[in-house]
file run10.cif (mmCIF, C-alpha atoms)
data_run
loop_
_atom_site.label_atom_id
_atom_site.label_comp_id
_atom_site.auth_asym_id
_atom_site.auth_seq_id
_atom_site.Cartn_x
_atom_site.Cartn_y
_atom_site.Cartn_z
CA MET A 626 -8.55 -0.04 5.41
CA ARG A 627 -6.24 -2.36 7.34
CA LEU A 628 -3.03 -3.66 5.80
CA LEU A 629 -0.37 -6.16 6.84
CA LEU A 630 3.16 -5.01 6.02
CA VAL A 631 5.67 -7.89 5.90
CA GLU A 632 9.16 -6.39 5.61
CA ASP A 633 12.40 -7.30 7.37
CA ASP A 634 14.41 -4.21 6.42
CA PRO A 635 13.89 -1.75 9.32
CA MET A 636 14.56 1.38 7.26
CA ILE A 637 12.14 0.38 4.49
CA GLY A 638 9.58 -0.91 6.99
CA GLU A 639 9.55 2.22 9.15
CA SER A 640 9.36 4.50 6.12
CA VAL A 641 6.52 2.60 4.44
CA LEU A 642 4.68 2.21 7.75
CA ASP A 643 4.75 5.96 8.40
CA LEU A 644 3.68 6.82 4.86
CA LEU A 645 0.79 4.35 4.84
CA ARG A 646 -0.45 5.52 8.23
CA SER A 647 -0.19 9.17 7.18
CA ASP A 648 -2.43 8.29 4.24
CA GLY A 649 -5.07 6.93 6.59
CA TYR A 650 -4.38 3.19 6.53
CA ALA A 651 -4.29 1.08 9.68
CA VAL A 652 -1.10 -0.99 9.37
CA ASP A 653 0.37 -3.94 11.26
CA TRP A 654 4.08 -4.54 10.59
CA VAL A 655 5.85 -7.89 11.00
CA LYS A 656 9.49 -8.60 10.15
CA ASP A 657 9.73 -12.31 9.39
CA GLY A 658 7.76 -15.09 7.74
CA GLU A 659 6.75 -16.85 10.95
CA MET A 660 5.21 -13.67 12.36
CA ALA A 661 3.44 -13.12 9.05
CA ASP A 662 1.90 -16.60 9.29
CA LEU A 663 0.73 -15.91 12.84
CA ALA A 664 -0.79 -12.56 11.88
CA LEU A 665 -2.63 -14.05 8.91
CA ASP A 666 -3.81 -17.04 10.95
CA ASP A 667 -5.12 -14.86 13.77
CA HIS A 668 -6.64 -11.96 11.85
CA GLN A 669 -9.09 -12.24 8.96
CA THR A 670 -9.60 -8.50 8.61
CA TYR A 671 -6.78 -7.41 6.31
CA ASP A 672 -7.72 -5.66 3.10
CA LEU A 673 -4.27 -6.30 1.62
CA VAL A 674 -0.88 -7.84 2.40
CA LEU A 675 2.30 -6.08 1.22
CA LEU A 676 4.70 -9.02 1.20
CA ASP A 677 8.46 -8.93 0.86
CA LEU A 678 9.81 -12.24 -0.45
CA GLY A 679 13.30 -12.26 1.08
CA LEU A 680 12.31 -12.83 4.72
CA PRO A 681 14.08 -14.51 7.66
CA LYS A 682 12.69 -17.71 9.28
CA ARG A 683 10.28 -18.37 6.40
CA ASP A 684 10.44 -16.82 2.97
CA GLY A 685 7.62 -14.84 1.44
CA LEU A 686 6.72 -17.52 -1.11
CA ALA A 687 6.12 -19.99 1.73
CA VAL A 688 3.89 -17.45 3.48
CA LEU A 689 1.96 -16.91 0.26
CA ARG A 690 1.64 -20.65 -0.37
CA LYS A 691 0.18 -21.23 3.10
CA LEU A 692 -2.22 -18.30 2.77
CA ARG A 693 -3.64 -19.56 -0.51
CA ALA A 694 -3.77 -23.16 0.74
CA ARG A 695 -6.31 -21.92 3.32
CA LYS A 696 -8.41 -20.49 0.46
CA ASP A 697 -7.75 -17.02 1.84
CA ARG A 698 -8.42 -14.50 -0.92
CA THR A 699 -6.83 -11.47 0.74
CA PRO A 700 -5.08 -9.45 -2.00
CA VAL A 701 -1.30 -9.87 -1.92
CA LEU A 702 1.12 -7.34 -3.39
CA ILE A 703 4.63 -8.78 -3.45
CA ALA A 704 7.73 -6.59 -3.27
CA THR A 705 10.86 -7.88 -5.00
CA ALA A 706 14.30 -6.72 -6.03
CA ARG A 707 14.71 -5.38 -9.54
CA ASP A 708 16.67 -8.47 -10.71
CA ALA A 709 14.32 -11.05 -9.12
CA LEU A 710 12.27 -11.91 -12.23
CA GLU A 711 12.01 -15.60 -11.32
CA GLN A 712 10.64 -14.74 -7.86
CA ARG A 713 8.05 -12.41 -9.36
CA VAL A 714 6.89 -15.10 -11.77
CA GLN A 715 6.73 -17.68 -8.98
CA GLY A 716 4.81 -15.31 -6.76
CA LEU A 717 2.22 -14.53 -9.40
CA ASP A 718 1.83 -18.21 -10.28
CA MET A 719 1.35 -19.06 -6.58
CA GLY A 720 -1.50 -16.60 -6.13
CA ALA A 721 -0.08 -13.12 -5.66
CA ASP A 722 -2.26 -10.44 -7.23
CA ASP A 723 0.42 -7.98 -8.29
CA TYR A 724 4.04 -7.04 -7.66
CA ILE A 725 6.10 -3.91 -7.17
CA VAL A 726 9.84 -3.65 -7.73
CA LYS A 727 12.17 -2.24 -5.08
CA PRO A 728 13.08 0.54 -4.71
CA TYR A 729 9.57 1.75 -5.47
CA GLU A 730 7.96 5.17 -5.55
CA ILE A 731 5.35 5.62 -2.85
CA ASP A 732 2.79 7.03 -5.32
CA GLU A 733 3.04 3.85 -7.37
CA LEU A 734 2.66 1.75 -4.22
CA PHE A 735 -0.49 3.63 -3.21
CA ALA A 736 -1.93 3.31 -6.72
CA ARG A 737 -1.33 -0.45 -6.80
CA ILE A 738 -2.87 -0.85 -3.33
CA ARG A 739 -5.98 1.08 -4.40
CA ALA A 740 -6.31 -0.94 -7.59
CA LEU A 741 -6.06 -4.28 -5.78
CA ILE A 742 -8.55 -3.29 -3.10
CA ARG A 743 -10.91 -1.98 -5.76
CA ARG A 744 -10.75 -5.23 -7.73
CA SER A 745 -11.13 -7.39 -4.62
CA SER A 746 -14.39 -5.58 -3.79
CA GLY A 747 -15.71 -6.26 -7.29
CA ARG A 748 -15.51 -2.68 -8.52
CA ALA A 749 -13.91 -1.53 -11.73
CA GLU A 750 -14.66 2.18 -11.40
CA PRO A 751 -12.21 4.29 -9.39
CA VAL A 752 -14.89 6.52 -7.82
CA TYR A 753 -17.69 5.15 -5.61
CA GLU A 754 -21.09 6.77 -6.09
CA HIS A 755 -24.21 5.92 -4.09
CA LEU A 756 -27.29 7.81 -2.87
CA GLY A 757 -25.91 11.20 -3.84
CA VAL A 758 -22.51 10.60 -2.26
CA SER A 759 -19.31 10.04 -4.23
CA ILE A 760 -15.86 9.27 -2.86
CA ASP A 761 -12.54 9.12 -4.68
CA PRO A 762 -10.00 6.87 -2.89
CA ALA A 763 -7.10 8.36 -4.88
CA THR A 764 -7.72 11.93 -3.71
CA ARG A 765 -9.89 11.29 -0.60
CA GLU A 766 -12.42 13.73 -2.04
CA VAL A 767 -16.01 13.39 -0.85
CA VAL A 768 -18.88 15.07 -2.69
CA VAL A 769 -22.46 15.14 -1.38
CA ASP A 770 -25.15 16.36 -3.78
CA GLY A 771 -22.50 18.28 -5.70
CA GLN A 772 -20.87 19.86 -2.65
CA ALA A 773 -17.38 18.97 -1.41
CA VAL A 774 -17.22 17.77 2.19
CA THR A 775 -14.10 17.48 4.36
CA LEU A 776 -13.78 14.36 6.53
CA ALA A 777 -11.31 13.35 9.22
CA ALA A 778 -9.16 10.33 8.33
CA ARG A 779 -11.17 7.83 10.36
CA GLU A 780 -14.49 9.29 9.28
CA TRP A 781 -13.29 8.67 5.73
CA ALA A 782 -12.26 5.10 6.58
CA ILE A 783 -15.70 4.26 7.99
CA LEU A 784 -17.53 5.88 5.07
CA GLU A 785 -15.41 3.98 2.55
CA GLN A 786 -16.15 0.65 4.26
CA LEU A 787 -19.89 1.25 4.35
CA LEU A 788 -20.28 2.88 0.94
CA ALA A 789 -18.41 0.06 -0.77
CA ARG A 790 -20.92 -2.45 0.67
CA PRO A 791 -24.45 -1.02 0.38
CA GLY A 792 -26.96 -3.10 2.32
CA MET A 793 -24.30 -4.92 4.36
CA VAL A 794 -24.37 -4.40 8.11
CA LEU A 795 -20.94 -3.91 9.71
CA SER A 796 -20.62 -4.28 13.47
CA ARG A 797 -18.69 -1.89 15.67
CA LYS A 798 -15.98 -4.56 16.05
CA GLN A 799 -15.69 -5.00 12.28
CA LEU A 800 -15.30 -1.26 11.82
CA GLU A 801 -12.76 -1.03 14.64
CA ASP A 802 -10.71 -3.78 12.97
CA LYS A 803 -10.52 -1.64 9.84
CA LEU A 804 -9.60 1.55 11.71
CA TYR A 805 -6.95 0.43 14.18
CA SER A 806 -3.72 -1.52 14.13
CA TRP A 807 -2.38 -3.67 17.00
CA LYS A 808 -0.71 -0.84 18.91
CA ASP A 809 -3.53 1.70 18.70
CA GLU A 810 -5.61 2.47 21.75
CA VAL A 811 -9.33 2.18 21.02
CA SER A 812 -11.87 4.05 23.13
CA SER A 813 -15.16 2.24 23.72
CA ASN A 814 -17.28 4.79 21.86
CA ALA A 815 -14.86 5.76 19.07
CA VAL A 816 -16.96 4.31 16.23
CA GLU A 817 -20.12 5.98 17.55
CA VAL A 818 -18.30 9.34 17.64
CA TYR A 819 -17.16 9.00 14.02
CA ILE A 820 -20.63 7.90 12.89
CA HIS A 821 -22.11 10.94 14.61
CA GLY A 822 -19.63 13.19 12.78
CA LEU A 823 -20.47 11.59 9.44
CA ARG A 824 -24.19 12.07 9.98
CA LYS A 825 -23.66 15.75 10.72
CA LYS A 826 -21.63 16.23 7.55
CA LEU A 827 -23.46 13.91 5.14
CA GLY A 828 -27.01 13.93 6.47
CA SER A 829 -28.69 11.80 9.10
CA HIS A 830 -30.41 9.56 6.54
CA LEU A 831 -27.32 8.02 4.93
CA ILE A 832 -25.92 5.75 7.66
CA GLN A 833 -28.53 3.61 9.37
CA ASN A 834 -28.21 1.98 12.77
CA VAL A 835 -29.35 -1.66 12.87
CA ARG A 836 -30.20 -2.06 16.51
CA GLY A 837 -27.93 -4.49 18.34
CA VAL A 838 -26.02 -5.37 15.16
CA GLY A 839 -24.20 -2.40 13.65
CA TYR A 840 -24.35 0.13 10.85
CA MET A 841 -25.11 0.14 7.15
CA ILE A 842 -25.76 2.36 4.15
CA PRO A 843 -28.94 1.07 2.47
CA LYS A 844 -29.08 -0.10 -1.11
CA ALA A 845 -30.60 2.24 -3.65
CA GLU A 846 -34.26 1.62 -4.30
CA PRO A 847 -34.99 0.21 -7.79
#

call {"tool": "encode", "arguments": {"input": "run10.cif", "output": "structure tokens"}}
result
Amino acid sequence: MRLLLVEDDPMIGESVLDLLRSDGYAVDWVKDGEMADLALDDHQTYDLVLLDLGLPKRDGLAVLRKLRARKDRTPVLIATARDALEQRVQGLDMGADDYIVKPYEIDELFARIRALIRRSSGRAEPVYEHLGVSIDPATREVVVDGQAVTLAAREWAILEQLLARPGMVLSRKQLEDKLYSWKDEVSSNAVEVYIHGLRKKLGSHLIQNVRGVGYMIPKAEP
């Protein structure tokens, strides 16, 4: 999952960035509203935007307004001060999906992120189950035919992308965009290496290669 963190406070930004990355998210961090606009204009791959409202150069509400004016449905979680009720109401009315009040607990932040991503993918259930494989985004547990399997962080990220979209082919570039932030170095065969690892752990039948296009997990047969 790839997130855009929009936060001008360096202490909060660095802390949240480190915690999100340690939990397996790819995160891009910008510190003002103009940079947020540029990031959202240039990249259509974000699974969620964590948006502070009190930003320099352009406030968060203006960023949100522009995003929704483009019909961009990327989930937006706004972060506001405890006494900023009017801003929270404005943000929700302008198209934000949820809010969190500063200072927030990181467990609550993670839970709200998971809930928004789950809803944006059209799923109500917290655990994904398909073709004998189940994954729990809250605990990162993976079970295959009743047996627990341990995955590396980026193996997990690829599996979550594919399992959430049975029958949809994702290209190597699309998967890379979900795995890496701007500053990460990406080796040319990284996705292939992670797919190989997943096949060894989950079985060679689960992830199919669509020649010249990408990878998919097939839909269940009726």

call {"tool": "resolve_selection", "arguments": {"input": "run10.cif", "expression": "the PyMOL selection byres ((chain A and resi 701) around 12)", "output": "PyMOL selection string"}}
result
chain A and resi 628-631+665+671-678+685-686+688-690+692-693+697-700+702-704+716-717+719-725+737-738+740-742+745

call {"tool": "atom_distance", "arguments": {"input": "run10.cif", "atom1": "atom CA of Ala736 of chain A", "atom2": "atom CA of Arg695 of chain A"}}
result
27.5 Å

call {"tool": "closest_atom_pairs", "arguments": {"input": "run10.cif", "of": "segment 640-671 of chain A", "to": "segment 754-773 of chain A", "cutoff": "12 Å", "atoms": "only C-alpha atoms", "output": "tab-separated table"}}
result
residue	atom	partner	partner_atom	distance
A:Asp648	CA	A:Arg765	CA	9.4
A:Gly649	CA	A:Arg765	CA	9.7
A:Tyr650	CA	A:Pro762	CA	11.6

call {"tool": "closest_residue", "arguments": {"input": "run10.cif", "among": "A:Glu659, A:Glu711, A:Asp667, A:Asp643", "to": "Asp684 of chain A", "atoms": "all atoms listed in the file"}}
result
A:Glu659

call {"tool": "atom_distance", "arguments": {"input": "run10.cif", "atom1": "atom CA of Thr670 of chain A", "atom2": "atom CA of Leu804 of chain A"}}
result
10.5 Å

call {"tool": "atom_distance", "arguments": {"input": "run10.cif", "atom1": "atom CA of Ala651 of chain A", "atom2": "atom CA of Tyr805 of chain A"}}
result
5.3 Å

call {"tool": "residues_around", "arguments": {"input": "run10.cif", "residues": "Val726 of chain A", "least_positions_apart": "5", "cutoff": "8 Å", "atoms": "all atoms listed in the file", "output": "NGL selection string"}}
result
:A and (704-707)

call {"tool": "closest_residue", "arguments": {"input": "run10.cif", "among": "A:Ala815, A:Leu787, A:Val774, A:Ala661", "to": "Leu827 of chain A", "atoms": "all atoms listed in the file"}}
result
A:Val774

call {"tool": "decode", "arguments": {"input": "run10.cif", "residues": "segment 749-791 of chain A", "atoms": "N, CA and C atoms", "output": "PDB file, in the first residue's frame"}}
result
ATOM      1  N   ALA A 749     -16.349  -5.088   3.144  1.00  0.00           N
ATOM      2  CA  ALA A 749     -16.779  -4.786   4.502  1.00  0.00           C
ATOM      3  C   ALA A 749     -16.047  -5.655   5.512  1.00  0.00           C
ATOM      4  N   GLU A 750     -15.698  -6.881   5.115  1.00  0.00           N
ATOM      5  CA  GLU A 750     -15.081  -7.818   6.040  1.00  0.00           C
ATOM      6  C   GLU A 750     -13.614  -7.458   6.264  1.00  0.00           C
ATOM      7  N   PRO A 751     -13.126  -7.621   7.499  1.00  0.00           N
ATOM      8  CA  PRO A 751     -11.741  -7.243   7.797  1.00  0.00           C
ATOM      9  C   PRO A 751     -10.699  -8.239   7.309  1.00  0.00           C
ATOM     10  N   VAL A 752     -11.100  -9.490   7.069  1.00  0.00           N
ATOM     11  CA  VAL A 752     -10.173 -10.527   6.620  1.00  0.00           C
ATOM     12  C   VAL A 752     -10.511 -10.903   5.182  1.00  0.00           C
ATOM     13  N   TYR A 753      -9.490 -10.965   4.314  1.00  0.00           N
ATOM     14  CA  TYR A 753      -9.681 -11.379   2.929  1.00  0.00           C
ATOM     15  C   TYR A 753      -9.516 -12.898   2.852  1.00  0.00           C
ATOM     16  N   GLU A 754     -10.443 -13.566   2.182  1.00  0.00           N
ATOM     17  CA  GLU A 754     -10.335 -15.008   1.987  1.00  0.00           C
ATOM     18  C   GLU A 754     -10.608 -15.335   0.532  1.00  0.00           C
ATOM     19  N   HIS A 755      -9.710 -16.132  -0.073  1.00  0.00           N
ATOM     20  CA  HIS A 755      -9.873 -16.468  -1.487  1.00  0.00           C
ATOM     21  C   HIS A 755      -8.994 -17.662  -1.826  1.00  0.00           C
ATOM     22  N   LEU A 756      -9.592 -18.672  -2.439  1.00  0.00           N
ATOM     23  CA  LEU A 756      -8.871 -19.852  -2.931  1.00  0.00           C
ATOM     24  C   LEU A 756      -7.991 -20.499  -1.859  1.00  0.00           C
ATOM     25  N   GLY A 757      -8.538 -20.601  -0.659  1.00  0.00           N
ATOM     26  CA  GLY A 757      -7.819 -21.266   0.420  1.00  0.00           C
ATOM     27  C   GLY A 757      -6.809 -20.411   1.143  1.00  0.00           C
ATOM     28  N   VAL A 758      -6.721 -19.133   0.764  1.00  0.00           N
ATOM     29  CA  VAL A 758      -5.781 -18.210   1.404  1.00  0.00           C
ATOM     30  C   VAL A 758      -6.567 -17.122   2.126  1.00  0.00           C
ATOM     31  N   SER A 759      -6.196 -16.849   3.360  1.00  0.00           N
ATOM     32  CA  SER A 759      -6.808 -15.732   4.081  1.00  0.00           C
ATOM     33  C   SER A 759      -5.707 -14.835   4.622  1.00  0.00           C
ATOM     34  N   ILE A 760      -5.964 -13.514   4.556  1.00  0.00           N
ATOM     35  CA  ILE A 760      -5.008 -12.547   5.093  1.00  0.00           C
ATOM     36  C   ILE A 760      -5.758 -11.564   5.979  1.00  0.00           C
ATOM     37  N   ASP A 761      -5.119 -11.182   7.069  1.00  0.00           N
ATOM     38  CA  ASP A 761      -5.699 -10.243   8.027  1.00  0.00           C
ATOM     39  C   ASP A 761      -4.822  -8.991   8.051  1.00  0.00           C
ATOM     40  N   PRO A 762      -5.269  -7.881   7.425  1.00  0.00           N
ATOM     41  CA  PRO A 762      -4.441  -6.671   7.385  1.00  0.00           C
ATOM     42  C   PRO A 762      -4.101  -6.103   8.758  1.00  0.00           C
ATOM     43  N   ALA A 763      -4.940  -6.357   9.761  1.00  0.00           N
ATOM     44  CA  ALA A 763      -4.673  -5.794  11.092  1.00  0.00           C
ATOM     45  C   ALA A 763      -3.494  -6.478  11.766  1.00  0.00           C
ATOM     46  N   THR A 764      -3.331  -7.782  11.536  1.00  0.00           N
ATOM     47  CA  THR A 764      -2.275  -8.543  12.207  1.00  0.00           C
ATOM     48  C   THR A 764      -1.181  -9.006  11.249  1.00  0.00           C
ATOM     49  N   ARG A 765      -1.412  -8.843   9.941  1.00  0.00           N
ATOM     50  CA  ARG A 765      -0.516  -9.335   8.888  1.00  0.00           C
ATOM     51  C   ARG A 765      -0.383 -10.860   8.931  1.00  0.00           C
ATOM     52  N   GLU A 766      -1.404 -11.531   9.449  1.00  0.00           N
ATOM     53  CA  GLU A 766      -1.379 -12.988   9.466  1.00  0.00           C
ATOM     54  C   GLU A 766      -1.851 -13.531   8.119  1.00  0.00           C
ATOM     55  N   VAL A 767      -1.164 -14.557   7.642  1.00  0.00           N
ATOM     56  CA  VAL A 767      -1.525 -15.230   6.400  1.00  0.00           C
ATOM     57  C   VAL A 767      -1.726 -16.708   6.714  1.00  0.00           C
ATOM     58  N   VAL A 768      -2.850 -17.254   6.289  1.00  0.00           N
ATOM     59  CA  VAL A 768      -3.159 -18.663   6.522  1.00  0.00           C
ATOM     60  C   VAL A 768      -3.472 -19.306   5.184  1.00  0.00           C
ATOM     61  N   VAL A 769      -2.813 -20.430   4.893  1.00  0.00           N
ATOM     62  CA  VAL A 769      -3.024 -21.159   3.649  1.00  0.00           C
ATOM     63  C   VAL A 769      -3.475 -22.574   3.990  1.00  0.00           C
ATOM     64  N   ASP A 770      -4.715 -22.881   3.610  1.00  0.00           N
ATOM     65  CA  ASP A 770      -5.287 -24.204   3.904  1.00  0.00           C
ATOM     66  C   ASP A 770      -5.126 -24.573   5.372  1.00  0.00           C
ATOM     67  N   GLY A 771      -5.373 -23.579   6.237  1.00  0.00           N
ATOM     68  CA  GLY A 771      -5.337 -23.804   7.676  1.00  0.00           C
ATOM     69  C   GLY A 771      -3.975 -23.691   8.325  1.00  0.00           C
ATOM     70  N   GLN A 772      -2.929 -23.452   7.521  1.00  0.00           N
ATOM     71  CA  GLN A 772      -1.578 -23.353   8.066  1.00  0.00           C
ATOM     72  C   GLN A 772      -1.055 -21.921   7.985  1.00  0.00           C
ATOM     73  N   ALA A 773      -0.496 -21.434   9.093  1.00  0.00           N
ATOM     74  CA  ALA A 773       0.064 -20.082   9.106  1.00  0.00           C
ATOM     75  C   ALA A 773       1.336 -20.035   8.265  1.00  0.00           C
ATOM     76  N   VAL A 774       1.494 -18.941   7.524  1.00  0.00           N
ATOM     77  CA  VAL A 774       2.654 -18.742   6.665  1.00  0.00           C
ATOM     78  C   VAL A 774       3.250 -17.372   6.980  1.00  0.00           C
ATOM     79  N   THR A 775       4.571 -17.302   7.071  1.00  0.00           N
ATOM     80  CA  THR A 775       5.253 -16.040   7.348  1.00  0.00           C
ATOM     81  C   THR A 775       5.759 -15.433   6.046  1.00  0.00           C
ATOM     82  N   LEU A 776       5.406 -14.153   5.815  1.00  0.00           N
ATOM     83  CA  LEU A 776       5.827 -13.451   4.609  1.00  0.00           C
ATOM     84  C   LEU A 776       6.702 -12.256   4.967  1.00  0.00           C
ATOM     85  N   ALA A 777       7.634 -11.932   4.081  1.00  0.00           N
ATOM     86  CA  ALA A 777       8.369 -10.677   4.193  1.00  0.00           C
ATOM     87  C   ALA A 777       7.419  -9.519   3.905  1.00  0.00           C
ATOM     88  N   ALA A 778       7.795  -8.315   4.326  1.00  0.00           N
ATOM     89  CA  ALA A 778       6.890  -7.163   4.226  1.00  0.00           C
ATOM     90  C   ALA A 778       6.427  -6.917   2.793  1.00  0.00           C
ATOM     91  N   ARG A 779       7.342  -6.987   1.835  1.00  0.00           N
ATOM     92  CA  ARG A 779       6.953  -6.694   0.457  1.00  0.00           C
ATOM     93  C   ARG A 779       6.270  -7.876  -0.216  1.00  0.00           C
ATOM     94  N   GLU A 780       6.547  -9.091   0.234  1.00  0.00           N
ATOM     95  CA  GLU A 780       5.741 -10.223  -0.221  1.00  0.00           C
ATOM     96  C   GLU A 780       4.290 -10.023   0.216  1.00  0.00           C
ATOM     97  N   TRP A 781       4.125  -9.604   1.467  1.00  0.00           N
ATOM     98  CA  TRP A 781       2.776  -9.325   1.978  1.00  0.00           C
ATOM     99  C   TRP A 781       2.098  -8.250   1.141  1.00  0.00           C
ATOM    100  N   ALA A 782       2.809  -7.177   0.835  1.00  0.00           N
ATOM    101  CA  ALA A 782       2.220  -6.062   0.094  1.00  0.00           C
ATOM    102  C   ALA A 782       1.737  -6.506  -1.282  1.00  0.00           C
ATOM    103  N   ILE A 783       2.510  -7.338  -1.959  1.00  0.00           N
ATOM    104  CA  ILE A 783       2.086  -7.830  -3.276  1.00  0.00           C
ATOM    105  C   ILE A 783       0.884  -8.749  -3.134  1.00  0.00           C
ATOM    106  N   LEU A 784       0.926  -9.660  -2.177  1.00  0.00           N
ATOM    107  CA  LEU A 784      -0.201 -10.572  -1.987  1.00  0.00           C
ATOM    108  C   LEU A 784      -1.481  -9.808  -1.678  1.00  0.00           C
ATOM    109  N   GLU A 785      -1.398  -8.796  -0.828  1.00  0.00           N
ATOM    110  CA  GLU A 785      -2.597  -8.025  -0.484  1.00  0.00           C
ATOM    111  C   GLU A 785      -3.173  -7.339  -1.716  1.00  0.00           C
ATOM    112  N   GLN A 786      -2.326  -6.771  -2.562  1.00  0.00           N
ATOM    113  CA  GLN A 786      -2.805  -6.114  -3.776  1.00  0.00           C
ATOM    114  C   GLN A 786      -3.521  -7.099  -4.693  1.00  0.00           C
ATOM    115  N   LEU A 787      -2.948  -8.267  -4.889  1.00  0.00           N
ATOM    116  CA  LEU A 787      -3.520  -9.229  -5.824  1.00  0.00           C
ATOM    117  C   LEU A 787      -4.759  -9.920  -5.251  1.00  0.00           C
ATOM    118  N   LEU A 788      -4.705 -10.258  -3.964  1.00  0.00           N
ATOM    119  CA  LEU A 788      -5.816 -10.995  -3.369  1.00  0.00           C
ATOM    120  C   LEU A 788      -7.058 -10.125  -3.228  1.00  0.00           C
ATOM    121  N   ALA A 789      -6.860  -8.824  -3.095  1.00  0.00           N
ATOM    122  CA  ALA A 789      -7.995  -7.909  -2.982  1.00  0.00           C
ATOM    123  C   ALA A 789      -8.685  -7.688  -4.318  1.00  0.00           C
ATOM    124  N   ARG A 790      -8.046  -8.122  -5.425  1.00  0.00           N
ATOM    125  CA  ARG A 790      -8.578  -7.871  -6.769  1.00  0.00           C
ATOM    126  C   ARG A 790      -8.537  -9.137  -7.619  1.00  0.00           C
ATOM    127  N   PRO A 791      -9.238 -10.195  -7.219  1.00  0.00           N
ATOM    128  CA  PRO A 791      -9.182 -11.440  -7.999  1.00  0.00           C
ATOM    129  C   PRO A 791      -9.601 -11.199  -9.451  1.00  0.00           C
TER     130      PRO A 791
END
